Each structure stands twice: as C-alpha cells, then as structure tokens.
file model22.pdb (PDB, C-alpha atoms)
ATOM      1  CA  MET A   1      19.737   4.580  -4.699
ATOM      2  CA  SER A   2      19.603   6.318  -8.079
ATOM      3  CA  LYS A   3      16.724   4.311  -9.485
ATOM      4  CA  LYS A   4      13.449   6.009 -10.435
ATOM      5  CA  MET A   5      11.128   5.427  -7.466
ATOM      6  CA  LEU A   6       7.433   5.756  -6.723
ATOM      7  CA  VAL A   7       5.618   5.708  -3.398
ATOM      8  CA  ALA A   8       2.063   4.443  -4.014
ATOM      9  CA  TYR A   9      -0.248   4.313  -1.033
ATOM     10  CA  PHE A  10      -3.797   3.670   0.105
ATOM     11  CA  SER A  11      -4.908   5.538   3.205
ATOM     12  CA  ALA A  12      -8.377   5.273   4.719
ATOM     13  CA  SER A  13      -7.891   7.725   7.593
ATOM     14  CA  GLY A  14      -4.816   9.785   6.670
ATOM     15  CA  VAL A  15      -2.219   7.978   8.810
ATOM     16  CA  THR A  16      -0.664   6.054   5.913
ATOM     17  CA  ALA A  17      -0.827   9.197   3.741
ATOM     18  CA  LYS A  18       1.449  11.024   6.205
ATOM     19  CA  ALA A  19       3.916   8.127   6.301
ATOM     20  CA  ALA A  20       3.899   7.904   2.484
ATOM     21  CA  TRP A  21       4.563  11.620   2.101
ATOM     22  CA  LYS A  22       7.504  11.475   4.536
ATOM     23  CA  LEU A  23       8.898   8.406   2.760
ATOM     24  CA  SER A  24       8.594  10.030  -0.686
ATOM     25  CA  GLU A  25      10.423  13.117   0.603
ATOM     26  CA  ALA A  26      13.232  11.033   2.141
ATOM     27  CA  ALA A  27      13.569   8.803  -0.928
ATOM     28  CA  GLY A  28      13.219  11.537  -3.552
ATOM     29  CA  ALA A  29      10.371   9.482  -5.006
ATOM     30  CA  ASP A  30       7.186  10.442  -6.811
ATOM     31  CA  LEU A  31       3.967  10.069  -4.824
ATOM     32  CA  TYR A  32       0.709   8.426  -5.955
ATOM     33  CA  GLU A  33      -2.465   7.907  -3.941
ATOM     34  CA  ILE A  34      -4.431   4.715  -4.574
ATOM     35  CA  LYS A  35      -7.957   6.116  -4.319
ATOM     36  CA  PRO A  36     -10.963   3.801  -4.101
ATOM     37  CA  GLU A  37     -13.716   4.372  -6.686
ATOM     38  CA  ILE A  38     -16.099   4.559  -3.757
ATOM     39  CA  PRO A  39     -14.452   6.296  -0.766
ATOM     40  CA  TYR A  40     -14.646   4.508   2.574
ATOM     41  CA  SER A  41     -16.919   6.040   5.202
ATOM     42  CA  ARG A  42     -16.400   5.642   8.937
ATOM     43  CA  GLU A  43     -19.162   2.976   8.915
ATOM     44  CA  ASP A  44     -17.386   1.121   6.084
ATOM     45  CA  LEU A  45     -14.278   0.865   8.261
ATOM     46  CA  ASP A  46     -16.008  -0.478  11.375
ATOM     47  CA  TRP A  47     -14.139  -3.742  11.857
ATOM     48  CA  MET A  48     -16.438  -4.620  14.780
ATOM     49  CA  ASP A  49     -19.370  -4.858  12.341
ATOM     50  CA  GLU A  50     -19.109  -8.019  10.259
ATOM     51  CA  LYS A  51     -21.443  -6.451   7.672
ATOM     52  CA  SER A  52     -19.317  -3.319   7.210
ATOM     53  CA  ARG A  53     -17.772  -2.866   3.777
ATOM     54  CA  SER A  54     -14.195  -3.457   4.969
ATOM     55  CA  SER A  55     -15.220  -6.612   6.883
ATOM     56  CA  VAL A  56     -17.029  -8.026   3.848
ATOM     57  CA  GLU A  57     -14.067  -7.252   1.556
ATOM     58  CA  MET A  58     -11.493  -8.722   3.931
ATOM     59  CA  ASN A  59     -13.542 -11.891   4.428
ATOM     60  CA  ASP A  60     -13.529 -12.504   0.656
ATOM     61  CA  PRO A  61     -10.030 -13.258  -0.706
ATOM     62  CA  LYS A  62     -11.348 -12.617  -4.237
ATOM     63  CA  SER A  63     -12.558  -9.106  -3.352
ATOM     64  CA  ARG A  64     -10.975  -6.454  -5.582
ATOM     65  CA  PRO A  65     -12.361  -2.986  -4.772
ATOM     66  CA  GLY A  66     -12.236  -0.599  -7.733
ATOM     67  CA  ILE A  67      -9.625   2.139  -7.968
ATOM     68  CA  ALA A  68     -10.399   5.647  -9.242
ATOM     69  CA  GLY A  69      -7.967   6.497 -12.024
ATOM     70  CA  LYS A  70      -4.753   4.833 -13.125
ATOM     71  CA  MET A  71      -1.080   5.668 -12.671
ATOM     72  CA  GLU A  72       0.306   6.784 -16.023
ATOM     73  CA  ASP A  73       3.812   5.769 -17.072
ATOM     74  CA  MET A  74       4.237   3.040 -14.450
ATOM     75  CA  ASP A  75       6.929   1.598 -16.727
ATOM     76  CA  GLN A  76       9.362   4.392 -15.785
ATOM     77  CA  TYR A  77       9.654   3.213 -12.169
ATOM     78  CA  GLU A  78      12.177   0.578 -11.107
ATOM     79  CA  VAL A  79      11.281   0.613  -7.416
ATOM     80  CA  VAL A  80       7.706   0.979  -6.176
ATOM     81  CA  PHE A  81       6.995   1.385  -2.480
ATOM     82  CA  VAL A  82       3.432   0.249  -1.757
ATOM     83  CA  GLY A  83       1.900   1.463   1.492
ATOM     84  CA  PHE A  84      -1.320   0.691   3.304
ATOM     85  CA  PRO A  85      -2.913   0.338   6.728
ATOM     86  CA  ILE A  86      -2.941  -3.206   8.105
ATOM     87  CA  TRP A  87      -6.472  -4.617   8.052
ATOM     88  CA  TRP A  88      -7.104  -8.014   9.614
ATOM     89  CA  TYR A  89      -3.326  -8.588   9.849
ATOM     90  CA  VAL A  90      -2.767  -8.121   6.079
ATOM     91  CA  ALA A  91      -3.056  -5.505   3.332
ATOM     92  CA  PRO A  92      -6.552  -4.310   2.330
ATOM     93  CA  THR A  93      -7.735  -6.061  -0.838
ATOM     94  CA  ILE A  94      -7.575  -2.758  -2.773
ATOM     95  CA  ILE A  95      -3.779  -3.328  -2.710
ATOM     96  CA  ASN A  96      -4.317  -6.545  -4.683
ATOM     97  CA  THR A  97      -6.394  -4.507  -7.147
ATOM     98  CA  PHE A  98      -3.513  -2.034  -7.518
ATOM     99  CA  LEU A  99      -0.823  -4.694  -7.964
ATOM    100  CA  GLU A 100      -2.933  -6.622 -10.486
ATOM    101  CA  SER A 101      -3.528  -3.444 -12.538
ATOM    102  CA  TYR A 102       0.078  -3.169 -13.765
ATOM    103  CA  ASP A 103       2.932  -5.366 -14.974
ATOM    104  CA  PHE A 104       5.569  -5.224 -12.259
ATOM    105  CA  SER A 105       7.839  -7.848 -13.866
ATOM    106  CA  GLY A 106      11.473  -7.020 -13.161
ATOM    107  CA  LYS A 107      10.572  -4.221 -10.749
ATOM    108  CA  THR A 108      11.221  -4.130  -7.028
ATOM    109  CA  ILE A 109       8.169  -3.658  -4.821
ATOM    110  CA  VAL A 110       8.804  -2.628  -1.223
ATOM    111  CA  LEU A 111       5.910  -2.879   1.199
ATOM    112  CA  PHE A 112       5.303  -0.477   4.065
ATOM    113  CA  ALA A 113       2.364  -0.227   6.395
ATOM    114  CA  THR A 114       0.846   1.530   9.356
ATOM    115  CA  SER A 115      -1.094  -0.122  12.134
ATOM    116  CA  GLY A 116      -2.468   0.562  15.549
ATOM    117  CA  GLY A 117      -1.091  -2.672  16.893
ATOM    118  CA  SER A 118      -0.180  -5.448  14.483
ATOM    119  CA  GLY A 119       2.833  -5.999  12.257
ATOM    120  CA  LEU A 120       3.055  -7.005   8.599
ATOM    121  CA  GLY A 121       2.266 -10.643   9.434
ATOM    122  CA  ASN A 122       2.092 -12.729   6.257
ATOM    123  CA  THR A 123       1.182  -9.750   4.068
ATOM    124  CA  LYS A 124       4.095 -10.356   1.684
ATOM    125  CA  GLU A 125       3.047 -13.962   1.045
ATOM    126  CA  LYS A 126      -0.589 -12.931   0.535
ATOM    127  CA  LEU A 127       0.357 -10.210  -1.996
ATOM    128  CA  ALA A 128       2.992 -12.173  -3.964
ATOM    129  CA  PRO A 129       0.483 -13.826  -6.375
ATOM    130  CA  SER A 130      -0.790 -10.330  -7.335
ATOM    131  CA  CYS A 131       2.619  -9.194  -8.691
ATOM    132  CA  PRO A 132       4.220 -12.099 -10.584
ATOM    133  CA  GLY A 133       7.751 -11.456 -11.834
ATOM    134  CA  ALA A 134       8.412  -8.672  -9.315
ATOM    135  CA  VAL A 135      10.973  -8.744  -6.542
ATOM    136  CA  LEU A 136       8.716  -8.304  -3.510
ATOM    137  CA  LEU A 137      10.398  -7.081  -0.331
ATOM    138  CA  GLY A 138       8.688  -7.475   3.030
ATOM    139  CA  GLY A 139       9.235  -3.892   4.005
ATOM    140  CA  LYS A 140       8.678  -1.977   7.183
ATOM    141  CA  MET A 141       6.078  -0.677   9.590
ATOM    142  CA  LEU A 142       6.118   3.133   9.431
ATOM    143  CA  ASN A 143       4.250   3.907  12.622
ATOM    144  CA  GLY A 144       4.979   6.972  14.693
ATOM    145  CA  ALA A 145       7.504   9.713  14.106
ATOM    146  CA  LEU A 146      10.281   8.354  11.920
ATOM    147  CA  SER A 147      12.916  10.912  11.033
ATOM    148  CA  GLN A 148      13.924  11.738   7.466
ATOM    149  CA  ALA A 149      17.394  10.362   8.308
ATOM    150  CA  GLU A 150      15.910   7.010   9.438
ATOM    151  CA  LEU A 151      13.752   6.770   6.327
ATOM    152  CA  LYS A 152      16.634   7.751   4.047
ATOM    153  CA  ALA A 153      18.882   5.111   5.667
ATOM    154  CA  TRP A 154      16.187   2.461   5.152
ATOM    155  CA  VAL A 155      15.734   3.378   1.468
ATOM    156  CA  GLU A 156      19.494   3.335   0.880
ATOM    157  CA  SER A 157      19.775  -0.099   2.536
ATOM    158  CA  LEU A 158      17.464  -1.696  -0.032
TER     159      LEU A 158
END
call {"tool": "encode", "arguments": {"input": "model22.pdb", "output": "structure tokens"}}
result
Amino acid sequence: MSKKMLVAYFSASGVTAKAAWKLSEAAGADLYEIKPEIPYSREDLDWMDEKSRSSVEMNDPKSRPGIAGKMEDMDQYEVVFVGFPIWWYVAPTIINTFLESYDFSGKTIVLFATSGGSGLGNTKEKLAPSCPGAVLLGGKMLNGALSQAELKAWVESL
C-alpha cells in the first residue's frame, strides 16, 4: 500500500499505545496519540464504579471528552488507522471527538482495538455517524504479540 498513512490512537493504560506503535512500524505510517485534555486516572477508569469518569462518559452517547492538541495536516493522509481500548463493548467516546474534529470525506478509516476480553462488537456502526463520507473498515483486534509480518500482511490486504 503506497498511500500516505497515519496511525492515530487513544490509550488509557499503554496497551493500545504498544499495538499502535507496532502497527505504525509495520505499515510505515506516521503515529499520533489522541491525548485527552484531562488525563484519565486509575479511579476514572474504574468500570465497576458507575460514578467513575469513564462510566459516566460511556453512559452518555453525547459525551465528547476534550482532546489536547490537534493533528496538523490531516489532509495529507489517505488511510487513517484509529486505535483504542474497547470500553463497554465499543470505542471510548473520545474516539467520536477525534473523528468529529476532522473532515475524513474520501479517506479510508481502519479501526483497531485492544481488549481484555471482548471484540469490536458494533463499534463500526456506532462510529460511522462521526465520520460521514469516509470509508470505514471494521478492522482488527490487536491483542497479544502480533508479529511485524502479520501486521504488514493485514495492512497490505486492505
């Protein structure tokens, strides 16, 4: 794939960051971290506490957590891999914030995620309204130790 590619990711605990780095290396893509304006603490991520920040955000479909900074020159990318941990069987709402911050019309967006136990579920359908005009591909779970060869083969198959 000779298109200009970007791997954009949100990682609360570092797991998705590692997967994103490996993917960017295998794909020859630029790397961009989607950083929340207010970083998530361990307490914020306690899914057992219905009052924790992540629980409150995920229970409100309109929630759009702020992002620190903005990706410059997004227009140069034809393919954007968007990675995140699975929260409540879907992408964290900060991913909606990211997708709604740019015009992805005519671009290909490829989702990837990490999770302790669940798959992508209906993440693609939930994110589609946030990136009108884009070709949104369902993507892949990047859990565990995927080799550069496996990642490269996946990227080339797109």
call {"tool": "residues_around", "arguments": {"input": "model22.pdb", "residues": "Tyr9 in chain A", "least_positions_apart": "6", "cutoff": "6 Å", "atoms": "all atoms listed in the file", "output": "ChimeraX atom specification"}}
result
/A:33-34,82-84
call {"tool": "closest_residue", "arguments": {"input": "model22.pdb", "among": "A:Ala27, A:Asn122, A:Ala17, A:Ser63", "to": "Ser157 in chain A", "atoms": "only C-alpha atoms"}}
result
A:Ala27
call {"tool": "residues_around", "arguments": {"input": "model22.pdb", "residues": "range 111-119 of chain A", "least_positions_apart": "2", "cutoff": "7 Å", "atoms": "only C-alpha atoms", "output": "list in words"}}
result
Thr16, Phe81, Val82, Gly83, Phe84, Pro85, Ile86, Tyr89, Ile109, Gly121, Leu137, Gly138, Gly139, Lys140, Met141, Leu142 and Asn143 of chain A
call {"tool": "closest_residue", "arguments": {"input": "model22.pdb", "among": "A:Arg64, A:Lys4, A:Lys126, A:Lys70", "to": "Ala91 in chain A", "atoms": "all atoms listed in the file"}}
result
A:Lys126
call {"tool": "closest_residue", "arguments": {"input": "model22.pdb", "among": "A:Ala134, A:Leu146, A:Val110, A:Leu120", "to": "Leu158 in chain A", "atoms": "all atoms listed in the file"}}
result
A:Val110
call {"tool": "resolve_selection", "arguments": {"input": "model22.pdb", "expression": "the PyMOL selection byres ((chain A and resi 26) around 8)", "output": "list in words"}}
result
Lys22, Leu23, Ser24, Glu25, Ala27, Gly28, Ala29, Gln148, Ala149, Leu151 and Lys152 of chain A
call {"tool": "residues_near_point", "arguments": {"input": "model22.pdb", "point": "(11.9, -3.0, -10.1)", "cutoff": "12 Å", "atoms": "only C-alpha atoms", "output": "ChimeraX atom specification"}}
result
/A:3-6,74-81,103-110,131-137,158
call {"tool": "resolve_selection", "arguments": {"input": "model22.pdb", "expression": "the PyMOL selection byres ((chain A and resi 94) around 10)", "output": "PDB file with C-alpha atoms, in the frame of the given file"}}
result
ATOM      1  CA  PHE A  10      -3.797   3.670   0.105  1.00  0.00           C
ATOM      2  CA  ILE A  34      -4.431   4.715  -4.574  1.00  0.00           C
ATOM      3  CA  LYS A  35      -7.957   6.116  -4.319  1.00  0.00           C
ATOM      4  CA  PRO A  36     -10.963   3.801  -4.101  1.00  0.00           C
ATOM      5  CA  GLU A  57     -14.067  -7.252   1.556  1.00  0.00           C
ATOM      6  CA  MET A  58     -11.493  -8.722   3.931  1.00  0.00           C
ATOM      7  CA  SER A  63     -12.558  -9.106  -3.352  1.00  0.00           C
ATOM      8  CA  ARG A  64     -10.975  -6.454  -5.582  1.00  0.00           C
ATOM      9  CA  PRO A  65     -12.361  -2.986  -4.772  1.00  0.00           C
ATOM     10  CA  GLY A  66     -12.236  -0.599  -7.733  1.00  0.00           C
ATOM     11  CA  ILE A  67      -9.625   2.139  -7.968  1.00  0.00           C
ATOM     12  CA  PHE A  84      -1.320   0.691   3.304  1.00  0.00           C
ATOM     13  CA  ALA A  91      -3.056  -5.505   3.332  1.00  0.00           C
ATOM     14  CA  PRO A  92      -6.552  -4.310   2.330  1.00  0.00           C
ATOM     15  CA  THR A  93      -7.735  -6.061  -0.838  1.00  0.00           C
ATOM     16  CA  ILE A  95      -3.779  -3.328  -2.710  1.00  0.00           C
ATOM     17  CA  ASN A  96      -4.317  -6.545  -4.683  1.00  0.00           C
ATOM     18  CA  THR A  97      -6.394  -4.507  -7.147  1.00  0.00           C
ATOM     19  CA  PHE A  98      -3.513  -2.034  -7.518  1.00  0.00           C
ATOM     20  CA  LEU A  99      -0.823  -4.694  -7.964  1.00  0.00           C
ATOM     21  CA  GLU A 100      -2.933  -6.622 -10.486  1.00  0.00           C
TER      22      GLU A 100
END
call {"tool": "closest_residue", "arguments": {"input": "model22.pdb", "among": "A:Trp88, A:Ala8, A:Glu37, A:Glu43", "to": "Asp60 in chain A", "atoms": "only C-alpha atoms"}}
result
A:Trp88
call {"tool": "atom_distance", "arguments": {"input": "model22.pdb", "atom1": "CA of Ser147 in chain A", "atom2": "CA of Met71 in chain A"}}
result
28.0 Å
call {"tool": "atom_distance", "arguments": {"input": "model22.pdb", "atom1": "CA of Gly144 in chain A", "atom2": "CA of Ser11 in chain A"}}
result
15.2 Å
call {"tool": "closest_residue", "arguments": {"input": "model22.pdb", "among": "A:Ala68, A:Ala19, A:Val56, A:Val155", "to": "Ile38 in chain A", "atoms": "all atoms listed in the file"}}
result
A:Ala68
call {"tool": "closest_residue", "arguments": {"input": "model22.pdb", "among": "A:Ala153, A:Ala145, A:Leu31, A:Leu45", "to": "Val7 in chain A", "atoms": "all atoms listed in the file"}}
result
A:Leu31
call {"tool": "atom_distance", "arguments": {"input": "model22.pdb", "atom1": "CA of Leu127 in chain A", "atom2": "CA of Lys62 in chain A"}}
result
12.2 Å
call {"tool": "build_atoms", "arguments": {"input": "model22.pdb", "residues": "range 27-45 of chain A", "atoms": "N, CA, C and O atoms", "output": "short mmCIF file (atom, residue, chain, number, x, y, z; two decimals), keeping the file's coordinate frame"}}
result
data_model
loop_
_atom_site.label_atom_id
_atom_site.label_comp_id
_atom_site.auth_asym_id
_atom_site.auth_seq_id
_atom_site.Cartn_x
_atom_site.Cartn_y
_atom_site.Cartn_z
N ALA A 27 13.05 9.63 0.17
CA ALA A 27 13.57 8.80 -0.93
C ALA A 27 13.75 9.58 -2.23
O ALA A 27 14.36 9.08 -3.16
N GLY A 28 13.19 10.80 -2.29
CA GLY A 28 13.22 11.54 -3.55
C GLY A 28 12.35 10.85 -4.60
O GLY A 28 12.67 10.83 -5.78
N ALA A 29 11.26 10.26 -4.14
CA ALA A 29 10.37 9.48 -5.01
C ALA A 29 9.10 10.26 -5.34
O ALA A 29 8.68 11.14 -4.60
N ASP A 30 8.49 9.90 -6.47
CA ASP A 30 7.19 10.44 -6.81
C ASP A 30 6.15 9.83 -5.87
O ASP A 30 6.38 8.76 -5.29
N LEU A 31 5.01 10.50 -5.75
CA LEU A 31 3.97 10.07 -4.82
C LEU A 31 2.66 9.85 -5.59
O LEU A 31 2.30 10.65 -6.45
N TYR A 32 1.98 8.74 -5.29
CA TYR A 32 0.71 8.43 -5.96
C TYR A 32 -0.26 7.85 -4.93
O TYR A 32 0.07 6.89 -4.23
N GLU A 33 -1.45 8.43 -4.86
CA GLU A 33 -2.46 7.91 -3.94
C GLU A 33 -3.37 6.92 -4.66
O GLU A 33 -3.92 7.21 -5.71
N ILE A 34 -3.51 5.74 -4.08
CA ILE A 34 -4.43 4.72 -4.57
C ILE A 34 -5.79 5.06 -3.98
O ILE A 34 -6.03 4.85 -2.79
N LYS A 35 -6.65 5.66 -4.81
CA LYS A 35 -7.96 6.12 -4.32
C LYS A 35 -9.04 5.13 -4.72
O LYS A 35 -9.17 4.78 -5.89
N PRO A 36 -9.86 4.70 -3.76
CA PRO A 36 -10.96 3.80 -4.10
C PRO A 36 -12.01 4.53 -4.95
O PRO A 36 -12.23 5.73 -4.77
N GLU A 37 -12.63 3.80 -5.87
CA GLU A 37 -13.72 4.37 -6.69
C GLU A 37 -14.81 4.91 -5.78
O GLU A 37 -15.36 5.97 -6.01
N ILE A 38 -15.10 4.14 -4.74
CA ILE A 38 -16.10 4.56 -3.76
C ILE A 38 -15.34 4.78 -2.45
O ILE A 38 -14.85 3.82 -1.85
N PRO A 39 -15.19 6.03 -2.01
CA PRO A 39 -14.45 6.30 -0.77
C PRO A 39 -15.06 5.55 0.42
O PRO A 39 -16.25 5.28 0.47
N TYR A 40 -14.20 5.20 1.37
CA TYR A 40 -14.65 4.51 2.57
C TYR A 40 -15.16 5.51 3.60
O TYR A 40 -14.50 6.49 3.90
N SER A 41 -16.36 5.21 4.12
CA SER A 41 -16.92 6.04 5.20
C SER A 41 -16.46 5.44 6.53
O SER A 41 -15.92 4.34 6.58
N ARG A 42 -16.71 6.15 7.60
CA ARG A 42 -16.40 5.64 8.94
C ARG A 42 -17.12 4.31 9.17
O ARG A 42 -16.56 3.38 9.73
N GLU A 43 -18.39 4.22 8.74
CA GLU A 43 -19.16 2.98 8.91
C GLU A 43 -18.53 1.83 8.12
O GLU A 43 -18.52 0.69 8.56
N ASP A 44 -18.03 2.14 6.92
CA ASP A 44 -17.39 1.12 6.08
C ASP A 44 -16.18 0.51 6.78
O ASP A 44 -15.81 -0.63 6.52
N LEU A 45 -15.53 1.29 7.62
CA LEU A 45 -14.28 0.86 8.26
C LEU A 45 -14.48 0.26 9.64
O LEU A 45 -13.52 -0.06 10.33
#
